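Heads up: the structure comes next, in structure tokens.
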Amino acid sequence: MIIAERKPLEEIAAMVAPFKRVLVLGCNTCVAVCMAGGQKEAEETAALLRIHRKKENIDGVVEVFSIERQCEFEMVDEVLEKLKGYDVIVSMACGVGVQTMVEHVPSLRVVPGLNTTSMGYPVEQGVWVERCLGCGDCVLHLTMGICPISRCAKSILNGPCGGSAEGKCELGKDVDCAWHLIHERLKAFDRLSDLDEIQPPKDWSTSHHGGNRTTVREDVKIDRG
Amino acid sequence: MIAGSKLEKMLEAGHFVVTGELGPPKGADITEMKHHAEGMKNHVEACNITDNQTAIVRTSSIACGAALVQMGVEPIIQIVTRDRNRICIQSDVLGAQALGIKNILCIAGDHMKFGNEPGSKGVYDIDSIQLLKGLKDLRDEKKFMGGEELDGEVSYFLGAVENPFADPFEFRVDRLEKKIRAGASFIQTQCIFDLDRFEKWMEMVRDRGLHKKIKILGGITPIKSLGAARYMKNNVSGITIPDELIDRLKNAEDKKEEGLKIAIETIERLKEIEGVAGVHVMAIAWEEKVPEIVERAGLYPRPKLD
């Protein structure tokens, strides 16, 4: 899922300061699970904004509700008339949700309430880890299901590098060396010789480096002839 | 003979080789670096020029290498994959060739986090093994990494680094072997302080006959002070310093002399290890001591090539 964190309140408050009618719009899927932008967090943010604006003598209202997913046109459509009643919408969705609304309804003024950090999952309450960079050419079959692209600080394909010590990355003792983990798993499955192969340079053109990506599936497109 | 550099010739002739290391300045005045190069030129076969080491912006390794060529000191330019993609690296390597540089050391480079531009975007388009393979193919197959033909030809002597003190220990010999297959002709190791572990690594290297396929230069760093030793032990990635060594420095009256002694004793031991083809002396901020270390280790005068 997509992991995000709420922006500092001062930053959000400054973005909406010029506007009278403010909506804090929660998003109840990924960012609700990572406790950053669901209904509950949207309500908290709205409450804090009201206090802040009262202190700063800013007129207007701060209202709040949420939808299931801001990244789907249909779900935005369901509340479209309500959305149009505000001067600005603080989207508590990831960066995708913000843009979905803007692209679908250009007349809306939308600002981000969150910083989108990564694609990953929670490993314990309050700790979310990044596990995918969306490189467009998955190598997990070569690396025993552990991603060196997202988890190795240098995204190397022929690791572990010389900075790996006691299972940790040179970045610090709080970072696992992904290639150490891969090595361990290969050993456990008696496949260490897989590492003998020199992995060629990655084709990054399938990643963001190839330019903004659009995925087209002719087989599922609806012919509107 | 691949590139005919002095380093390659000395290694081929079977001499116990000595290489030095110079770090370019954080400014455009390279007078002091040239002074250090001059100071060690009769004591080493060639000198590494670091490439923005520890991710700190410094004068370009290739530019400094070219200055060394003009002085008659042979450079080994380091190339990190951290800052340049394959387009730029190959372009720079061609430029280095055009400027008379014949030795290239391929490394990934310390992460940006450790340097003075921690907010920079890391490139890491390729890793050090892919870099070796790419530069080997550029030289031997006359093909760029993307497959296009190179105009004319290039010839350089390719090296890499290996860290016998990194983990998993058992993989460190596999990685050396991989670097040999990728195209490395010589290896410079991380600074050796834990000789027992180094000897164990060399034993594994010999068991697989790898010492016959690549020239291994042991990394030597003279420790200047107890503080420097502690700093390296705790803060420099990939360096292991045994506690005994820290104690030895702690108890020594003259720490600098003790640091030099440790370096010299290490070289003496490396000379006895089968498969060690030389030493790489990295006297960071203590370059003026390189001649003394080489002399006291019994490696001076340097052998002459016929």
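Letters A, B, ... mark the chains of the structure tokens in the order given; residue numbers begin at 1 per chain; ligand numbers begin at 1, in order shown.
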
Once DSSP has gone over the backbone, tell me which residues of stretch 86-288 of chain B are in strand (DSSP E), as a list of chain:residue names.
B:Asn103, B:Ile104, B:Leu105, B:Cys106, B:Ile107, B:Phe157, B:Leu158, B:Gly159, B:Ala160, B:Val161, B:Glu162, B:Phe186, B:Ile187, B:Gln188, B:Thr189, B:Gln190, B:Cys191, B:Lys215, B:Ile216, B:Leu217, B:Gly218, B:Gly219, B:Ile220, B:Val276, B:Ala277, B:Gly278, B:Val279, B:His280, B:Val281

Per residue of stretch 92-209 of chain B within 8 Å of stretch 266-269 of chain B, record the nearest atom pair and its distance in Å to one decimal, counting only C-alpha atoms, with rows in chain order and ascending residue number, as a tab-separated table.
residue	atom	partner	partner_atom	distance
B:Ile192	CA	B:Thr266	CA	7.8
B:Phe193	CA	B:Thr266	CA	7.8
B:Leu195	CA	B:Thr266	CA	7.6

Give me every alpha helix (DSSP H) residue in stretch 165-264 of chain B, going by DSSP on the backbone, as a PDB file with N, CA and C atoms, in the first residue's frame.
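Generated output (selection35.pdb):
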ATOM      1  N   PHE B 171      31.001 -14.536   1.612  1.00  0.00           N
ATOM      2  CA  PHE B 171      30.702 -13.988   0.284  1.00  0.00           C
ATOM      3  C   PHE B 171      31.863 -13.154  -0.265  1.00  0.00           C
ATOM      4  N   ARG B 172      32.756 -12.746   0.602  1.00  0.00           N
ATOM      5  CA  ARG B 172      33.816 -11.817   0.177  1.00  0.00           C
ATOM      6  C   ARG B 172      34.760 -12.410  -0.856  1.00  0.00           C
ATOM      7  N   VAL B 173      34.918 -13.716  -0.839  1.00  0.00           N
ATOM      8  CA  VAL B 173      35.753 -14.359  -1.849  1.00  0.00           C
ATOM      9  C   VAL B 173      34.932 -14.566  -3.123  1.00  0.00           C
ATOM     10  N   ASP B 174      33.639 -14.875  -2.950  1.00  0.00           N
ATOM     11  CA  ASP B 174      32.755 -14.990  -4.121  1.00  0.00           C
ATOM     12  C   ASP B 174      32.743 -13.672  -4.886  1.00  0.00           C
ATOM     13  N   ARG B 175      32.710 -12.599  -4.113  1.00  0.00           N
ATOM     14  CA  ARG B 175      32.626 -11.275  -4.746  1.00  0.00           C
ATOM     15  C   ARG B 175      33.926 -10.946  -5.487  1.00  0.00           C
ATOM     16  N   LEU B 176      35.046 -11.341  -4.872  1.00  0.00           N
ATOM     17  CA  LEU B 176      36.338 -11.139  -5.549  1.00  0.00           C
ATOM     18  C   LEU B 176      36.322 -11.881  -6.877  1.00  0.00           C
ATOM     19  N   GLU B 177      35.868 -13.119  -6.832  1.00  0.00           N
ATOM     20  CA  GLU B 177      35.822 -13.943  -8.038  1.00  0.00           C
ATOM     21  C   GLU B 177      34.931 -13.288  -9.097  1.00  0.00           C
ATOM     22  N   LYS B 178      33.832 -12.734  -8.633  1.00  0.00           N
ATOM     23  CA  LYS B 178      32.891 -12.073  -9.544  1.00  0.00           C
ATOM     24  C   LYS B 178      33.556 -10.851 -10.198  1.00  0.00           C
ATOM     25  N   LYS B 179      34.322 -10.133  -9.397  1.00  0.00           N
ATOM     26  CA  LYS B 179      34.999  -8.948  -9.934  1.00  0.00           C
ATOM     27  C   LYS B 179      36.086  -9.344 -10.936  1.00  0.00           C
ATOM     28  N   ILE B 180      36.713 -10.482 -10.698  1.00  0.00           N
ATOM     29  CA  ILE B 180      37.714 -10.953 -11.664  1.00  0.00           C
ATOM     30  C   ILE B 180      37.015 -11.251 -12.991  1.00  0.00           C
ATOM     31  N   ARG B 181      35.900 -11.981 -12.901  1.00  0.00           N
ATOM     32  CA  ARG B 181      35.171 -12.311 -14.136  1.00  0.00           C
ATOM     33  C   ARG B 181      34.647 -11.052 -14.815  1.00  0.00           C
ATOM     34  N   ALA B 182      34.302 -10.063 -14.025  1.00  0.00           N
ATOM     35  CA  ALA B 182      33.759  -8.826 -14.606  1.00  0.00           C
ATOM     36  C   ALA B 182      34.843  -8.013 -15.303  1.00  0.00           C
ATOM     37  N   LEU B 195      44.585  -8.546  10.887  1.00  0.00           N
ATOM     38  CA  LEU B 195      45.392  -9.420  10.017  1.00  0.00           C
ATOM     39  C   LEU B 195      44.927 -10.867  10.029  1.00  0.00           C
ATOM     40  N   ASP B 196      44.418 -11.311  11.168  1.00  0.00           N
ATOM     41  CA  ASP B 196      43.960 -12.701  11.225  1.00  0.00           C
ATOM     42  C   ASP B 196      42.836 -12.932  10.220  1.00  0.00           C
ATOM     43  N   ARG B 197      41.909 -11.977  10.222  1.00  0.00           N
ATOM     44  CA  ARG B 197      40.794 -12.128   9.279  1.00  0.00           C
ATOM     45  C   ARG B 197      41.290 -12.017   7.845  1.00  0.00           C
ATOM     46  N   PHE B 198      42.237 -11.105   7.610  1.00  0.00           N
ATOM     47  CA  PHE B 198      42.772 -10.964   6.251  1.00  0.00           C
ATOM     48  C   PHE B 198      43.441 -12.268   5.809  1.00  0.00           C
ATOM     49  N   GLU B 199      44.201 -12.867   6.715  1.00  0.00           N
ATOM     50  CA  GLU B 199      44.897 -14.111   6.360  1.00  0.00           C
ATOM     51  C   GLU B 199      43.906 -15.231   6.062  1.00  0.00           C
ATOM     52  N   LYS B 200      42.831 -15.232   6.823  1.00  0.00           N
ATOM     53  CA  LYS B 200      41.788 -16.244   6.590  1.00  0.00           C
ATOM     54  C   LYS B 200      41.178 -16.039   5.207  1.00  0.00           C
ATOM     55  N   TRP B 201      40.962 -14.780   4.880  1.00  0.00           N
ATOM     56  CA  TRP B 201      40.398 -14.456   3.559  1.00  0.00           C
ATOM     57  C   TRP B 201      41.359 -14.888   2.454  1.00  0.00           C
ATOM     58  N   MET B 202      42.637 -14.587   2.650  1.00  0.00           N
ATOM     59  CA  MET B 202      43.630 -14.962   1.632  1.00  0.00           C
ATOM     60  C   MET B 202      43.703 -16.481   1.463  1.00  0.00           C
ATOM     61  N   GLU B 203      43.521 -17.173   2.566  1.00  0.00           N
ATOM     62  CA  GLU B 203      43.539 -18.639   2.493  1.00  0.00           C
ATOM     63  C   GLU B 203      42.396 -19.120   1.579  1.00  0.00           C
ATOM     64  N   MET B 204      41.232 -18.504   1.772  1.00  0.00           N
ATOM     65  CA  MET B 204      40.086 -18.865   0.932  1.00  0.00           C
ATOM     66  C   MET B 204      40.345 -18.460  -0.527  1.00  0.00           C
ATOM     67  N   VAL B 205      41.032 -17.338  -0.708  1.00  0.00           N
ATOM     68  CA  VAL B 205      41.369 -16.875  -2.060  1.00  0.00           C
ATOM     69  C   VAL B 205      42.289 -17.903  -2.729  1.00  0.00           C
ATOM     70  N   ARG B 206      43.297 -18.351  -1.966  1.00  0.00           N
ATOM     71  CA  ARG B 206      44.254 -19.329  -2.522  1.00  0.00           C
ATOM     72  C   ARG B 206      43.594 -20.679  -2.788  1.00  0.00           C
ATOM     73  N   ASP B 207      42.689 -21.078  -1.872  1.00  0.00           N
ATOM     74  CA  ASP B 207      42.001 -22.357  -2.065  1.00  0.00           C
ATOM     75  C   ASP B 207      41.290 -22.408  -3.416  1.00  0.00           C
ATOM     76  N   LEU B 226      45.101   8.081  18.492  1.00  0.00           N
ATOM     77  CA  LEU B 226      44.106   7.196  19.097  1.00  0.00           C
ATOM     78  C   LEU B 226      42.699   7.611  18.662  1.00  0.00           C
ATOM     79  N   GLY B 227      42.497   8.911  18.598  1.00  0.00           N
ATOM     80  CA  GLY B 227      41.193   9.437  18.182  1.00  0.00           C
ATOM     81  C   GLY B 227      40.848   8.987  16.774  1.00  0.00           C
ATOM     82  N   ALA B 228      41.854   9.032  15.885  1.00  0.00           N
ATOM     83  CA  ALA B 228      41.623   8.621  14.494  1.00  0.00           C
ATOM     84  C   ALA B 228      41.241   7.144  14.443  1.00  0.00           C
ATOM     85  N   ALA B 229      41.917   6.332  15.275  1.00  0.00           N
ATOM     86  CA  ALA B 229      41.627   4.897  15.294  1.00  0.00           C
ATOM     87  C   ALA B 229      40.203   4.654  15.765  1.00  0.00           C
ATOM     88  N   ARG B 230      39.839   5.341  16.826  1.00  0.00           N
ATOM     89  CA  ARG B 230      38.487   5.174  17.364  1.00  0.00           C
ATOM     90  C   ARG B 230      37.436   5.644  16.361  1.00  0.00           C
ATOM     91  N   TYR B 231      37.764   6.764  15.716  1.00  0.00           N
ATOM     92  CA  TYR B 231      36.826   7.296  14.729  1.00  0.00           C
ATOM     93  C   TYR B 231      36.607   6.275  13.606  1.00  0.00           C
ATOM     94  N   MET B 232      37.717   5.741  13.090  1.00  0.00           N
ATOM     95  CA  MET B 232      37.597   4.765  11.999  1.00  0.00           C
ATOM     96  C   MET B 232      36.828   3.530  12.447  1.00  0.00           C
ATOM     97  N   LYS B 233      37.139   3.093  13.664  1.00  0.00           N
ATOM     98  CA  LYS B 233      36.480   1.889  14.186  1.00  0.00           C
ATOM     99  C   LYS B 233      34.957   2.070  14.256  1.00  0.00           C
ATOM    100  N   ASN B 234      34.558   3.249  14.698  1.00  0.00           N
ATOM    101  CA  ASN B 234      33.134   3.460  14.933  1.00  0.00           C
ATOM    102  C   ASN B 234      32.360   4.110  13.798  1.00  0.00           C
ATOM    103  N   ASN B 235      33.060   4.861  12.945  1.00  0.00           N
ATOM    104  CA  ASN B 235      32.326   5.656  11.969  1.00  0.00           C
ATOM    105  C   ASN B 235      32.581   5.361  10.499  1.00  0.00           C
ATOM    106  N   ASP B 243      40.332  -4.534  19.120  1.00  0.00           N
ATOM    107  CA  ASP B 243      40.551  -3.812  20.371  1.00  0.00           C
ATOM    108  C   ASP B 243      42.018  -3.822  20.805  1.00  0.00           C
ATOM    109  N   GLU B 244      42.714  -4.917  20.519  1.00  0.00           N
ATOM    110  CA  GLU B 244      44.139  -5.014  20.897  1.00  0.00           C
ATOM    111  C   GLU B 244      44.920  -3.861  20.277  1.00  0.00           C
ATOM    112  N   LEU B 245      44.530  -3.541  19.052  1.00  0.00           N
ATOM    113  CA  LEU B 245      45.261  -2.496  18.350  1.00  0.00           C
ATOM    114  C   LEU B 245      44.981  -1.125  18.971  1.00  0.00           C
ATOM    115  N   ILE B 246      43.747  -0.929  19.369  1.00  0.00           N
ATOM    116  CA  ILE B 246      43.374   0.314  20.043  1.00  0.00           C
ATOM    117  C   ILE B 246      44.166   0.409  21.366  1.00  0.00           C
ATOM    118  N   ASP B 247      44.222  -0.709  22.098  1.00  0.00           N
ATOM    119  CA  ASP B 247      44.961  -0.732  23.370  1.00  0.00           C
ATOM    120  C   ASP B 247      46.438  -0.426  23.148  1.00  0.00           C
ATOM    121  N   ARG B 248      46.980  -1.004  22.097  1.00  0.00           N
ATOM    122  CA  ARG B 248      48.399  -0.791  21.807  1.00  0.00           C
ATOM    123  C   ARG B 248      48.679   0.693  21.584  1.00  0.00           C
ATOM    124  N   LEU B 249      47.783   1.351  20.882  1.00  0.00           N
ATOM    125  CA  LEU B 249      47.954   2.788  20.649  1.00  0.00           C
ATOM    126  C   LEU B 249      47.767   3.569  21.950  1.00  0.00           C
ATOM    127  N   LYS B 250      46.789   3.119  22.731  1.00  0.00           N
ATOM    128  CA  LYS B 250      46.480   3.796  23.981  1.00  0.00           C
ATOM    129  C   LYS B 250      47.694   3.774  24.907  1.00  0.00           C
ATOM    130  N   ASN B 251      48.357   2.641  24.929  1.00  0.00           N
ATOM    131  CA  ASN B 251      49.493   2.479  25.841  1.00  0.00           C
ATOM    132  C   ASN B 251      50.799   3.059  25.316  1.00  0.00           C
ATOM    133  N   LYS B 255      52.214   8.079  20.011  1.00  0.00           N
ATOM    134  CA  LYS B 255      51.127   7.453  19.239  1.00  0.00           C
ATOM    135  C   LYS B 255      51.436   7.427  17.737  1.00  0.00           C
ATOM    136  N   LYS B 256      52.026   8.521  17.255  1.00  0.00           N
ATOM    137  CA  LYS B 256      52.288   8.591  15.813  1.00  0.00           C
ATOM    138  C   LYS B 256      53.282   7.513  15.403  1.00  0.00           C
ATOM    139  N   GLU B 257      54.345   7.403  16.192  1.00  0.00           N
ATOM    140  CA  GLU B 257      55.355   6.395  15.889  1.00  0.00           C
ATOM    141  C   GLU B 257      54.736   4.994  15.966  1.00  0.00           C
ATOM    142  N   GLU B 258      53.860   4.798  16.948  1.00  0.00           N
ATOM    143  CA  GLU B 258      53.205   3.494  17.098  1.00  0.00           C
ATOM    144  C   GLU B 258      52.324   3.200  15.870  1.00  0.00           C
ATOM    145  N   GLY B 259      51.637   4.237  15.410  1.00  0.00           N
ATOM    146  CA  GLY B 259      50.793   4.094  14.222  1.00  0.00           C
ATOM    147  C   GLY B 259      51.614   3.685  13.011  1.00  0.00           C
ATOM    148  N   LEU B 260      52.771   4.329  12.873  1.00  0.00           N
ATOM    149  CA  LEU B 260      53.654   3.986  11.749  1.00  0.00           C
ATOM    150  C   LEU B 260      54.163   2.556  11.890  1.00  0.00           C
ATOM    151  N   LYS B 261      54.541   2.214  13.122  1.00  0.00           N
ATOM    152  CA  LYS B 261      55.063   0.864  13.373  1.00  0.00           C
ATOM    153  C   LYS B 261      54.039  -0.206  13.004  1.00  0.00           C
ATOM    154  N   ILE B 262      52.790   0.056  13.396  1.00  0.00           N
ATOM    155  CA  ILE B 262      51.726  -0.919  13.080  1.00  0.00           C
ATOM    156  C   ILE B 262      51.615  -1.087  11.558  1.00  0.00           C
ATOM    157  N   ALA B 263      51.657   0.042  10.863  1.00  0.00           N
ATOM    158  CA  ALA B 263      51.556  -0.012   9.396  1.00  0.00           C
ATOM    159  C   ALA B 263      52.721  -0.806   8.801  1.00  0.00           C
ATOM    160  N   ILE B 264      53.915  -0.531   9.323  1.00  0.00           N
ATOM    161  CA  ILE B 264      55.111  -1.197   8.783  1.00  0.00           C
ATOM    162  C   ILE B 264      55.092  -2.698   9.096  1.00  0.00           C
TER     163      ILE B 264
END

Chain A contacts on chain B, only C-alpha atoms, 9 Å, as number ranges by chain
B: 82, 108, 110-111, 113-114, 122-131, 133-134, 145, 161-168, 171-172, 174-175, 177-179, 181-182, 190, 236-239

Keeping C-alpha atoms for every residue in the selection just given, could you write it to a file as a PDB file, in the first residue's frame?
ATOM      1  CA  ARG B  82      27.307   7.214  -7.230  1.00  0.00           C
ATOM      2  CA  ALA B 108      30.313   2.207  -6.122  1.00  0.00           C
ATOM      3  CA  ASP B 110      30.067   5.941  -0.241  1.00  0.00           C
ATOM      4  CA  HIS B 111      26.466   7.011   0.019  1.00  0.00           C
ATOM      5  CA  LYS B 113      24.473  10.654   3.352  1.00  0.00           C
ATOM      6  CA  PHE B 114      28.098  10.756   4.523  1.00  0.00           C
ATOM      7  CA  GLY B 122      22.277   9.424  -5.885  1.00  0.00           C
ATOM      8  CA  VAL B 123      22.746   8.077  -9.382  1.00  0.00           C
ATOM      9  CA  TYR B 124      23.799   4.441  -8.936  1.00  0.00           C
ATOM     10  CA  ASP B 125      22.668   3.686 -12.464  1.00  0.00           C
ATOM     11  CA  ILE B 126      25.108   0.753 -12.413  1.00  0.00           C
ATOM     12  CA  ASP B 127      27.004  -1.004  -9.648  1.00  0.00           C
ATOM     13  CA  SER B 128      30.758  -1.519  -9.385  1.00  0.00           C
ATOM     14  CA  ILE B 129      30.657  -4.970 -10.983  1.00  0.00           C
ATOM     15  CA  GLN B 130      28.584  -3.726 -13.889  1.00  0.00           C
ATOM     16  CA  LEU B 131      31.034  -0.836 -14.237  1.00  0.00           C
ATOM     17  CA  LYS B 133      32.182  -5.400 -17.006  1.00  0.00           C
ATOM     18  CA  GLY B 134      31.092  -2.366 -19.014  1.00  0.00           C
ATOM     19  CA  MET B 145      27.362  -0.615 -22.553  1.00  0.00           C
ATOM     20  CA  VAL B 161      38.300  -2.939  -4.411  1.00  0.00           C
ATOM     21  CA  GLU B 162      37.316  -5.685  -2.045  1.00  0.00           C
ATOM     22  CA  ASN B 163      36.638  -5.542   1.625  1.00  0.00           C
ATOM     23  CA  PRO B 164      37.574  -8.759   3.459  1.00  0.00           C
ATOM     24  CA  PHE B 165      36.190  -7.193   6.630  1.00  0.00           C
ATOM     25  CA  ALA B 166      32.661  -6.761   5.326  1.00  0.00           C
ATOM     26  CA  ASP B 167      29.927  -9.332   5.756  1.00  0.00           C
ATOM     27  CA  PRO B 168      28.850 -11.943   4.963  1.00  0.00           C
ATOM     28  CA  PHE B 171      30.702 -13.988   0.284  1.00  0.00           C
ATOM     29  CA  ARG B 172      33.816 -11.817   0.177  1.00  0.00           C
ATOM     30  CA  ASP B 174      32.755 -14.990  -4.121  1.00  0.00           C
ATOM     31  CA  ARG B 175      32.626 -11.275  -4.746  1.00  0.00           C
ATOM     32  CA  GLU B 177      35.822 -13.943  -8.038  1.00  0.00           C
ATOM     33  CA  LYS B 178      32.891 -12.073  -9.544  1.00  0.00           C
ATOM     34  CA  LYS B 179      34.999  -8.948  -9.934  1.00  0.00           C
ATOM     35  CA  ARG B 181      35.171 -12.311 -14.136  1.00  0.00           C
ATOM     36  CA  ALA B 182      33.759  -8.826 -14.606  1.00  0.00           C
ATOM     37  CA  GLN B 190      40.077  -2.091   2.450  1.00  0.00           C
ATOM     38  CA  VAL B 236      33.956   4.485   8.780  1.00  0.00           C
ATOM     39  CA  SER B 237      31.906   1.914   6.967  1.00  0.00           C
ATOM     40  CA  GLY B 238      33.688  -1.322   6.206  1.00  0.00           C
ATOM     41  CA  ILE B 239      36.639  -0.869   8.562  1.00  0.00           C
TER      42      ILE B 239
END

Find the spatial neighbours of A:Met92, counting only C-alpha atoms, within a cut-off of 8 Å - ignore same-chain residues fewer than 3 positions away - and output them as a short mmCIF file (atom, residue, chain, number, x, y, z; two decimals) with C-alpha atoms, in the first residue's frame.
data_model
loop_
_atom_site.label_atom_id
_atom_site.label_comp_id
_atom_site.auth_asym_id
_atom_site.auth_seq_id
_atom_site.Cartn_x
_atom_site.Cartn_y
_atom_site.Cartn_z
CA ARG A 6 0.78 14.27 7.51
CA VAL A 24 -10.28 18.64 4.83
CA LEU A 25 -10.99 15.56 2.75
CA GLY A 26 -9.95 12.21 4.15
CA CYS A 27 -9.16 9.17 2.05
CA VAL A 31 -3.52 6.37 4.04
CA ALA A 36 -2.12 9.48 8.09
CA GLY A 37 -5.16 10.58 6.14
CA GLY A 38 -8.31 8.60 6.95
CA ALA A 42 -8.85 14.30 8.65
CA PRO A 112 -1.77 18.28 -0.22
CA GLY A 113 -2.19 17.53 3.46
CA LEU A 114 0.26 14.64 3.37
#

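The nearest approach to B:Thr50 among the residues B:Gly219, B:Pro242, B:Pro75, B:Gly146, with only C-alpha atoms taken into account, belongs to B:Pro75.
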
A:Val79, A:Met119, A:Ala178, A:Val22: which is nearest A:Val105, counting only C-alpha atoms?
A:Val79

Close residues, A:Pro106 itself excluded, 12 Å, only C-alpha atoms, min 4 positions apart in chain, as a JSON list (two decimals) with N, CA and C atoms, in the first residue's frame:
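selection26.json written:
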[["chain", "number", "residue", "atom", "x", "y", "z"],
["A", 80, "LEU", "N", -19.10, 15.15, -5.81],
["A", 80, "LEU", "CA", -18.65, 16.30, -6.60],
["A", 80, "LEU", "C", -19.34, 17.61, -6.23],
["A", 83, "LEU", "N", -18.03, 19.00, -3.06],
["A", 83, "LEU", "CA", -16.64, 19.50, -3.18],
["A", 83, "LEU", "C", -16.61, 20.91, -3.77],
["A", 84, "LYS", "N", -17.54, 21.15, -4.69],
["A", 84, "LYS", "CA", -17.54, 22.44, -5.39],
["A", 84, "LYS", "C", -17.92, 23.61, -4.48],
["A", 98, "VAL", "N", -4.56, 13.59, -4.74],
["A", 98, "VAL", "CA", -4.59, 15.04, -5.01],
["A", 98, "VAL", "C", -4.74, 15.28, -6.51],
["A", 99, "GLN", "N", -3.94, 14.56, -7.27],
["A", 99, "GLN", "CA", -3.91, 14.80, -8.71],
["A", 99, "GLN", "C", -5.12, 14.24, -9.44],
["A", 100, "THR", "N", -5.66, 13.15, -8.90],
["A", 100, "THR", "CA", -6.85, 12.57, -9.52],
["A", 100, "THR", "C", -7.98, 13.60, -9.50],
["A", 101, "MET", "N", -8.12, 14.24, -8.35],
["A", 101, "MET", "CA", -9.20, 15.23, -8.22],
["A", 101, "MET", "C", -8.97, 16.42, -9.13],
["A", 102, "VAL", "N", -7.74, 16.89, -9.17],
["A", 102, "VAL", "CA", -7.43, 18.07, -9.99],
["A", 102, "VAL", "C", -7.62, 17.77, -11.48],
["A", 110, "VAL", "N", -7.01, 22.22, -4.93],
["A", 110, "VAL", "CA", -6.65, 21.15, -3.98],
["A", 110, "VAL", "C", -5.21, 21.30, -3.53]]

Stretch 142-146 of chain A: which residues within 8 Å, counting only C-alpha atoms, same-chain residues fewer than 2 positions away excluded, as a PyMOL selection string?
chain A and resi 139-140+148+151+178+181-182+185-186+194

Can you pull out the residues contacting B:Leu7? Cut-off 12 Å, using only C-alpha atoms, and skip same-chain residues under 6 positions away; I want them as a PyMOL selection string.
chain B and resi 1+13-20+44-48+73-76+101-104+156-159+185-186+215+217+277-280+303-305
